[in-house]
Every structure is written in C-alpha cells, then in structure tokens.
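K.L.:
What follows is start32.pdb, made up of PDB, C-alpha atoms:
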ATOM      1  CA  MET A  52     100.059 104.942  75.753
ATOM      2  CA  GLY A  53      97.254 107.282  74.692
ATOM      3  CA  PHE A  54      94.700 104.677  75.744
ATOM      4  CA  PHE A  55      96.241 104.495  79.229
ATOM      5  CA  VAL A  56      96.003 108.239  79.685
ATOM      6  CA  ALA A  57      92.442 108.314  78.374
ATOM      7  CA  ALA A  58      91.451 105.446  80.665
ATOM      8  CA  ALA A  59      92.979 107.202  83.685
ATOM      9  CA  ILE A  60      90.990 110.412  83.202
ATOM     10  CA  LYS A  61      87.604 110.450  84.893
ATOM     11  CA  SER A  62      84.678 112.505  83.678
ATOM     12  CA  ARG A  63      83.062 115.062  85.960
ATOM     13  CA  PRO A  64      79.270 115.261  86.033
ATOM     14  CA  ALA A  65      79.479 118.817  84.651
ATOM     15  CA  GLY A  66      81.193 117.467  81.541
ATOM     16  CA  GLY A  67      84.785 118.470  82.303
ATOM     17  CA  LEU A  68      87.648 116.033  82.701
ATOM     18  CA  VAL A  69      89.612 115.516  85.875
ATOM     19  CA  TYR A  70      92.776 113.507  86.477
ATOM     20  CA  PHE A  71      92.233 113.512  90.260
ATOM     21  CA  HIS A  72      89.833 114.891  92.860
ATOM     22  CA  SER A  73      90.769 117.109  95.773
ATOM     23  CA  VAL A  74      90.089 115.709  99.253
ATOM     24  CA  ASP A  75      87.069 118.019  99.566
ATOM     25  CA  GLU A  76      85.658 116.977  96.165
ATOM     26  CA  PHE A  77      86.170 113.319  97.044
ATOM     27  CA  HIS A  78      84.181 113.639 100.280
ATOM     28  CA  ALA A  79      81.359 115.461  98.457
ATOM     29  CA  MET A  80      80.821 112.743  95.836
ATOM     30  CA  PRO A  81      78.980 109.420  96.148
ATOM     31  CA  HIS A  82      81.306 106.429  96.471
ATOM     32  CA  ASP A  83      80.875 103.101  94.711
ATOM     33  CA  ALA A  84      82.409 100.339  96.858
ATOM     34  CA  ALA A  85      84.080  98.888  93.758
ATOM     35  CA  GLY A  86      85.197 102.277  92.439
ATOM     36  CA  SER A  87      88.779 103.398  92.066
ATOM     37  CA  PHE A  88      89.674 107.053  92.523
ATOM     38  CA  ARG A  89      92.627 109.422  92.451
ATOM     39  CA  VAL A  90      92.697 111.932  95.290
ATOM     40  CA  ASN A  91      95.130 114.819  95.744
ATOM     41  CA  GLY A  92      96.026 116.610  98.963
ATOM     42  CA  LYS A  93      98.830 117.603 101.318
ATOM     43  CA  VAL A  94     100.298 115.189 103.863
ATOM     44  CA  ARG A  95      99.250 116.467 107.287
ATOM     45  CA  GLN A  96     102.190 117.422 109.504
ATOM     46  CA  GLY A  97     102.993 114.606 111.973
ATOM     47  CA  SER A  98     100.538 112.096 110.499
ATOM     48  CA  ILE A  99     103.027 109.744 108.817
ATOM     49  CA  GLU A 100     103.199 106.355 110.554
ATOM     50  CA  ARG A 101     105.736 104.067 108.896
ATOM     51  CA  LEU A 102     105.247 100.403 109.784
ATOM     52  CA  PRO A 103     108.155  97.983 110.436
ATOM     53  CA  SER A 104     107.813  96.251 107.043
ATOM     54  CA  GLY A 105     109.309  99.333 105.360
ATOM     55  CA  GLN A 106     106.630  99.211 102.670
ATOM     56  CA  ASP A 107     103.563 100.081 104.725
ATOM     57  CA  VAL A 108     102.568 103.555 105.772
ATOM     58  CA  ASN A 109      99.489 105.218 107.235
ATOM     59  CA  PHE A 110      98.997 108.979 106.941
ATOM     60  CA  VAL A 111      96.385 111.697 106.540
ATOM     61  CA  ILE A 112      95.952 114.000 103.552
ATOM     62  CA  THR A 113      94.252 117.355 103.889
ATOM     63  CA  GLY A 114      92.092 119.486 101.675
ATOM     64  CA  ALA A 115      90.809 122.993 102.269
ATOM     65  CA  THR A 116      88.143 121.847 104.756
ATOM     66  CA  SER A 117      88.482 118.090 105.227
ATOM     67  CA  THR A 118      90.939 115.260 105.767
ATOM     68  CA  LEU A 119      91.272 111.687 104.511
ATOM     69  CA  PRO A 120      93.105 108.879 106.330
ATOM     70  CA  VAL A 121      95.182 106.790 103.902
ATOM     71  CA  SER A 122      96.801 103.363 104.148
ATOM     72  CA  TYR A 123      99.416 102.359 101.542
ATOM     73  CA  HIS A 124     101.547  99.284 100.859
ATOM     74  CA  GLY A 125     104.343  99.514  98.307
ATOM     75  CA  ILE A 126     107.471 101.443  97.460
ATOM     76  CA  ILE A 127     107.382 104.749  99.305
ATOM     77  CA  PRO A 128     108.777 107.663  97.241
ATOM     78  CA  ASP A 129     111.742 109.608  98.660
ATOM     79  CA  THR A 130     109.700 112.793  98.266
ATOM     80  CA  PHE A 131     106.978 111.482 100.611
ATOM     81  CA  VAL A 132     107.339 113.745 103.664
ATOM     82  CA  ASP A 133     105.155 115.912 105.917
ATOM     83  CA  GLY A 134     103.607 118.696 103.860
ATOM     84  CA  ALA A 135     104.246 117.000 100.497
ATOM     85  CA  ASP A 136     101.677 117.297  97.747
ATOM     86  CA  VAL A 137     100.491 113.719  97.083
ATOM     87  CA  THR A 138      98.115 111.924  94.776
ATOM     88  CA  VAL A 139      96.831 108.554  95.924
ATOM     89  CA  GLU A 140      94.995 106.047  93.776
ATOM     90  CA  GLY A 141      92.761 103.381  95.242
ATOM     91  CA  SER A 142      89.415 102.925  96.955
ATOM     92  CA  LEU A 143      87.573 103.849 100.109
ATOM     93  CA  LEU A 144      87.227 101.093 102.711
ATOM     94  CA  ALA A 145      84.098 100.681 104.852
ATOM     95  CA  THR A 146      86.145 102.005 107.799
ATOM     96  CA  GLY A 147      86.529 105.386 106.060
ATOM     97  CA  THR A 148      90.225 104.835 105.312
ATOM     98  CA  PHE A 149      91.375 105.230 101.725
ATOM     99  CA  ARG A 150      93.336 102.124 100.681
ATOM    100  CA  ALA A 151      95.919 103.394  98.188
ATOM    101  CA  THR A 152      97.404 101.076  95.587
ATOM    102  CA  ASN A 153      99.524 103.869  94.131
ATOM    103  CA  LEU A 154     101.257 106.792  95.869
ATOM    104  CA  MET A 155     102.765 109.710  93.973
ATOM    105  CA  ALA A 156     104.484 112.480  95.911
ATOM    106  CA  LYS A 157     106.305 115.654  95.072
ATOM    107  CA  CYS A 158     108.073 118.176  97.212
ATOM    108  CA  PRO A 159     107.589 121.534  95.494
ATOM    109  CA  SER A 160     110.045 123.323  97.777
ATOM    110  CA  LYS A 161     112.950 121.275  96.354
ATOM    111  CA  TYR A 162     111.953 122.081  92.789
ATOM    112  CA  GLU A 163     111.357 125.742  93.576
ATOM    113  CA  ALA A 164     114.749 126.017  95.294
ATOM    114  CA  ALA A 165     116.485 124.375  92.338
ATOM    115  CA  SER A 166     114.681 126.712  89.956
ATOM    116  CA  GLU A 167     115.640 129.785  92.002
ATOM    117  CA  ASN A 168     119.292 128.665  92.121
ATOM    118  CA  ARG A 169     119.314 128.158  88.349
ATOM    119  CA  ALA A 170     117.758 131.613  87.821
ATOM    120  CA  SER A 171     120.366 133.310  90.025
ATOM    121  CA  LEU A 172     123.168 131.670  88.012
ATOM    122  CA  THR A 173     121.867 133.164  84.772
ATOM    123  CA  LYS A 174     121.549 136.744  86.090
ATOM    124  CA  PRO A 175     124.293 139.144  84.936
TER     125      PRO A 175
END
What does the file become when written as structure tokens?
P.N.:
Amino acid sequence: MGFFVAAAIKSRPAGGLVYFHSVDEFHAMPHDAAGSFRVNGKVRQGSIERLPSGQDVNFVITGATSTLPVSYHGIIPDTFVDGADVTVEGSLLATGTFRATNLMAKCPSKYEAASENRASLTKP
C-alpha cells in the first residue's frame, strides 16, 4: 500500500510534494497530453448535468480565480452535490474539458453538523 501512496503523490517543481493541485495551480502549469493529474475544487452551483445513463455527469469546478469543466463516467458519490469539495483524477482533453477517471467528493457541512451535534451532547 505504501507504494500506491508514493506513486500517487506528485512532486512540485519547488521540491515539495502535492497530492492534488488546485484549479488555479492546474491552469498555471504546462500540460502533457499523456499526463494524469489530480485537481481539487468546489462544484459550481447549478453546473451539474447528469446524463440519462446514470453514470455520466458533466460539471464545473471552481478555484479562487478560474474554473475547469469536467466530464466523468462512473459511480457518482452520494456526496457529489452543488458546492461540494471534489477531487478529480484524469487528464485534460484538447477541448479544454478535464476527463475524470476518478471522482471523490465530500460535503463538509454534513461532517461539521455531525461534529457540532456530538459536541453539544458532551457538554454538561
């Protein structure tokens, strides 16, 4: 398993390690057509377009100053909603769309709410 984790981590030019790039960092770097990247951002409100197959979705992720259109085929996580923090893994197509082969989503508000509820139960 250690090899998998080490293989998944990409090296930054400055020498640091990064597990994923922000949308803004991704746009600022040169792209190798054969390269595979992990990009993190927020799902833009109203951008989710679920296709009839049930396993295809198009959406846009946002960074601080830029956006990235994404196309994904596969099992769509329950936590994949507008505003969710997502990490996509895949490559950039010539059209400018990021073709994701992996989609990981989390909904921090659910976890924060659960944490707050747990904390209120432990208060005297």
K.L.:
If I wrap all listed atoms of range 123-126 of chain A in a box with edges along x, y and z and add 4 Å on each side, what are its centre and edge lengths in Å to one decimal, as AutoDock Vina command-line options?
P.N.:
--center_x 103.4 --center_y 100.8 --center_z 99.5 --size_x 16.1 --size_y 11.1 --size_z 12.1
K.L.:
Given all atoms listed in the file as the basis, pick out the residue of A:Gly92, A:Thr138, A:Lys157, A:Tyr70 nearest to Leu119 in chain A.
P.N.:
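So, comparing all the options, the nearest one is A:Gly92.
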K.L.:
Exactly which residues make up the result of the PyMOL selection byres ((chain A and resi 90) around 12) on this file, given as a PDB file with C-alpha atoms, keeping the file's coordinate frame?
P.N.:
ATOM      1  CA  LYS A  61      87.604 110.450  84.893  1.00  0.00           C
ATOM      2  CA  VAL A  69      89.612 115.516  85.875  1.00  0.00           C
ATOM      3  CA  TYR A  70      92.776 113.507  86.477  1.00  0.00           C
ATOM      4  CA  PHE A  71      92.233 113.512  90.260  1.00  0.00           C
ATOM      5  CA  HIS A  72      89.833 114.891  92.860  1.00  0.00           C
ATOM      6  CA  SER A  73      90.769 117.109  95.773  1.00  0.00           C
ATOM      7  CA  VAL A  74      90.089 115.709  99.253  1.00  0.00           C
ATOM      8  CA  ASP A  75      87.069 118.019  99.566  1.00  0.00           C
ATOM      9  CA  GLU A  76      85.658 116.977  96.165  1.00  0.00           C
ATOM     10  CA  PHE A  77      86.170 113.319  97.044  1.00  0.00           C
ATOM     11  CA  HIS A  78      84.181 113.639 100.280  1.00  0.00           C
ATOM     12  CA  MET A  80      80.821 112.743  95.836  1.00  0.00           C
ATOM     13  CA  SER A  87      88.779 103.398  92.066  1.00  0.00           C
ATOM     14  CA  PHE A  88      89.674 107.053  92.523  1.00  0.00           C
ATOM     15  CA  ARG A  89      92.627 109.422  92.451  1.00  0.00           C
ATOM     16  CA  ASN A  91      95.130 114.819  95.744  1.00  0.00           C
ATOM     17  CA  GLY A  92      96.026 116.610  98.963  1.00  0.00           C
ATOM     18  CA  LYS A  93      98.830 117.603 101.318  1.00  0.00           C
ATOM     19  CA  VAL A  94     100.298 115.189 103.863  1.00  0.00           C
ATOM     20  CA  VAL A 111      96.385 111.697 106.540  1.00  0.00           C
ATOM     21  CA  ILE A 112      95.952 114.000 103.552  1.00  0.00           C
ATOM     22  CA  THR A 113      94.252 117.355 103.889  1.00  0.00           C
ATOM     23  CA  GLY A 114      92.092 119.486 101.675  1.00  0.00           C
ATOM     24  CA  THR A 118      90.939 115.260 105.767  1.00  0.00           C
ATOM     25  CA  LEU A 119      91.272 111.687 104.511  1.00  0.00           C
ATOM     26  CA  PRO A 120      93.105 108.879 106.330  1.00  0.00           C
ATOM     27  CA  VAL A 121      95.182 106.790 103.902  1.00  0.00           C
ATOM     28  CA  ASP A 136     101.677 117.297  97.747  1.00  0.00           C
ATOM     29  CA  VAL A 137     100.491 113.719  97.083  1.00  0.00           C
ATOM     30  CA  THR A 138      98.115 111.924  94.776  1.00  0.00           C
ATOM     31  CA  VAL A 139      96.831 108.554  95.924  1.00  0.00           C
ATOM     32  CA  GLU A 140      94.995 106.047  93.776  1.00  0.00           C
ATOM     33  CA  GLY A 141      92.761 103.381  95.242  1.00  0.00           C
ATOM     34  CA  SER A 142      89.415 102.925  96.955  1.00  0.00           C
ATOM     35  CA  LEU A 143      87.573 103.849 100.109  1.00  0.00           C
ATOM     36  CA  PHE A 149      91.375 105.230 101.725  1.00  0.00           C
ATOM     37  CA  ARG A 150      93.336 102.124 100.681  1.00  0.00           C
ATOM     38  CA  ALA A 151      95.919 103.394  98.188  1.00  0.00           C
ATOM     39  CA  THR A 152      97.404 101.076  95.587  1.00  0.00           C
ATOM     40  CA  ASN A 153      99.524 103.869  94.131  1.00  0.00           C
ATOM     41  CA  LEU A 154     101.257 106.792  95.869  1.00  0.00           C
ATOM     42  CA  MET A 155     102.765 109.710  93.973  1.00  0.00           C
ATOM     43  CA  ALA A 156     104.484 112.480  95.911  1.00  0.00           C
TER      44      ALA A 156
END
K.L.:
Using only C-alpha atoms for the distances, tell me which of A:Pro81, A:Leu144, A:Arg95, A:Asp129 is nearest to Ser117 in chain A.
P.N.:
A:Arg95
K.L.:
List the residues selected by the PyMOL selection byres ((chain A and resi 102-105) around 10) in the file shown, writing them as a list in words.
P.N.:
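When the PyMOL selection byres ((chain A and resi 102-105) around 10) is applied, the selected residues are Ile99, Glu100, Arg101, Gln106, Asp107, Val108, Asn109, His124, Gly125, Ile126 and Ile127 of chain A.
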K.L.:
Go through A:Gly86, A:Thr116, A:Gln96, A:Ala145 and flag the residue nearest Asp133 in chain A, using all atoms listed in the file for the distances.
P.N.:
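Closest to Asp133 in chain A of all the choices is A:Gln96.
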K.L.:
Assuming the input is short of atoms at range 80-103 of chain A, produce N, CA and C atoms for that part as a PDB file, keeping the file's coordinate frame.
P.N.:
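Below is the file result-v4.pdb, written as the result:
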ATOM      1  N   MET A  80      81.402 113.591  96.874  1.00  0.00           N
ATOM      2  CA  MET A  80      80.821 112.743  95.836  1.00  0.00           C
ATOM      3  C   MET A  80      80.373 111.392  96.388  1.00  0.00           C
ATOM      4  N   PRO A  81      79.396 110.763  95.723  1.00  0.00           N
ATOM      5  CA  PRO A  81      78.980 109.420  96.148  1.00  0.00           C
ATOM      6  C   PRO A  81      80.086 108.418  95.817  1.00  0.00           C
ATOM      7  N   HIS A  82      80.246 107.404  96.675  1.00  0.00           N
ATOM      8  CA  HIS A  82      81.306 106.429  96.471  1.00  0.00           C
ATOM      9  C   HIS A  82      80.748 105.058  96.170  1.00  0.00           C
ATOM     10  N   ASP A  83      81.202 104.476  95.085  1.00  0.00           N
ATOM     11  CA  ASP A  83      80.875 103.101  94.711  1.00  0.00           C
ATOM     12  C   ASP A  83      81.919 102.218  95.390  1.00  0.00           C
ATOM     13  N   ALA A  84      81.478 101.203  96.115  1.00  0.00           N
ATOM     14  CA  ALA A  84      82.409 100.339  96.858  1.00  0.00           C
ATOM     15  C   ALA A  84      83.465  99.732  95.946  1.00  0.00           C
ATOM     16  N   ALA A  85      83.125  99.497  94.688  1.00  0.00           N
ATOM     17  CA  ALA A  85      84.080  98.888  93.758  1.00  0.00           C
ATOM     18  C   ALA A  85      84.867  99.944  92.981  1.00  0.00           C
ATOM     19  N   GLY A  86      84.575 101.210  93.215  1.00  0.00           N
ATOM     20  CA  GLY A  86      85.197 102.277  92.439  1.00  0.00           C
ATOM     21  C   GLY A  86      86.642 102.535  92.830  1.00  0.00           C
ATOM     22  N   SER A  87      87.398 103.007  91.853  1.00  0.00           N
ATOM     23  CA  SER A  87      88.779 103.398  92.066  1.00  0.00           C
ATOM     24  C   SER A  87      88.882 104.891  91.775  1.00  0.00           C
ATOM     25  N   PHE A  88      89.592 105.597  92.640  1.00  0.00           N
ATOM     26  CA  PHE A  88      89.674 107.053  92.523  1.00  0.00           C
ATOM     27  C   PHE A  88      91.105 107.519  92.677  1.00  0.00           C
ATOM     28  N   ARG A  89      91.371 108.719  92.187  1.00  0.00           N
ATOM     29  CA  ARG A  89      92.627 109.422  92.451  1.00  0.00           C
ATOM     30  C   ARG A  89      92.272 110.650  93.263  1.00  0.00           C
ATOM     31  N   VAL A  90      92.976 110.817  94.384  1.00  0.00           N
ATOM     32  CA  VAL A  90      92.697 111.932  95.290  1.00  0.00           C
ATOM     33  C   VAL A  90      94.004 112.663  95.575  1.00  0.00           C
ATOM     34  N   ASN A  91      93.946 113.990  95.526  1.00  0.00           N
ATOM     35  CA  ASN A  91      95.130 114.819  95.744  1.00  0.00           C
ATOM     36  C   ASN A  91      94.959 115.651  97.000  1.00  0.00           C
ATOM     37  N   GLY A  92      96.040 115.773  97.771  1.00  0.00           N
ATOM     38  CA  GLY A  92      96.026 116.610  98.963  1.00  0.00           C
ATOM     39  C   GLY A  92      97.435 116.766  99.506  1.00  0.00           C
ATOM     40  N   LYS A  93      97.543 117.409 100.639  1.00  0.00           N
ATOM     41  CA  LYS A  93      98.830 117.603 101.318  1.00  0.00           C
ATOM     42  C   LYS A  93      98.911 116.635 102.490  1.00  0.00           C
ATOM     43  N   VAL A  94     100.099 116.074 102.722  1.00  0.00           N
ATOM     44  CA  VAL A  94     100.298 115.189 103.863  1.00  0.00           C
ATOM     45  C   VAL A  94     100.284 116.039 105.133  1.00  0.00           C
ATOM     46  N   ARG A  95      99.370 115.702 106.045  1.00  0.00           N
ATOM     47  CA  ARG A  95      99.250 116.467 107.287  1.00  0.00           C
ATOM     48  C   ARG A  95     100.500 116.286 108.142  1.00  0.00           C
ATOM     49  N   GLN A  96     101.006 117.386 108.648  1.00  0.00           N
ATOM     50  CA  GLN A  96     102.190 117.422 109.504  1.00  0.00           C
ATOM     51  C   GLN A  96     102.022 116.430 110.653  1.00  0.00           C
ATOM     52  N   GLY A  97     102.992 115.542 110.850  1.00  0.00           N
ATOM     53  CA  GLY A  97     102.993 114.606 111.973  1.00  0.00           C
ATOM     54  C   GLY A  97     102.106 113.385 111.820  1.00  0.00           C
ATOM     55  N   SER A  98     101.475 113.210 110.660  1.00  0.00           N
ATOM     56  CA  SER A  98     100.538 112.096 110.499  1.00  0.00           C
ATOM     57  C   SER A  98     101.171 110.824 109.930  1.00  0.00           C
ATOM     58  N   ILE A  99     102.405 110.904 109.458  1.00  0.00           N
ATOM     59  CA  ILE A  99     103.027 109.744 108.817  1.00  0.00           C
ATOM     60  C   ILE A  99     103.410 108.700 109.864  1.00  0.00           C
ATOM     61  N   GLU A 100     102.884 107.493 109.682  1.00  0.00           N
ATOM     62  CA  GLU A 100     103.199 106.355 110.554  1.00  0.00           C
ATOM     63  C   GLU A 100     103.759 105.238 109.668  1.00  0.00           C
ATOM     64  N   ARG A 101     105.085 105.118 109.677  1.00  0.00           N
ATOM     65  CA  ARG A 101     105.736 104.067 108.896  1.00  0.00           C
ATOM     66  C   ARG A 101     105.744 102.782 109.716  1.00  0.00           C
ATOM     67  N   LEU A 102     105.306 101.680 109.099  1.00  0.00           N
ATOM     68  CA  LEU A 102     105.247 100.403 109.784  1.00  0.00           C
ATOM     69  C   LEU A 102     106.553  99.644 109.584  1.00  0.00           C
ATOM     70  N   PRO A 103     106.863  98.687 110.468  1.00  0.00           N
ATOM     71  CA  PRO A 103     108.155  97.983 110.436  1.00  0.00           C
ATOM     72  C   PRO A 103     108.505  97.294 109.111  1.00  0.00           C
TER      73      PRO A 103
END
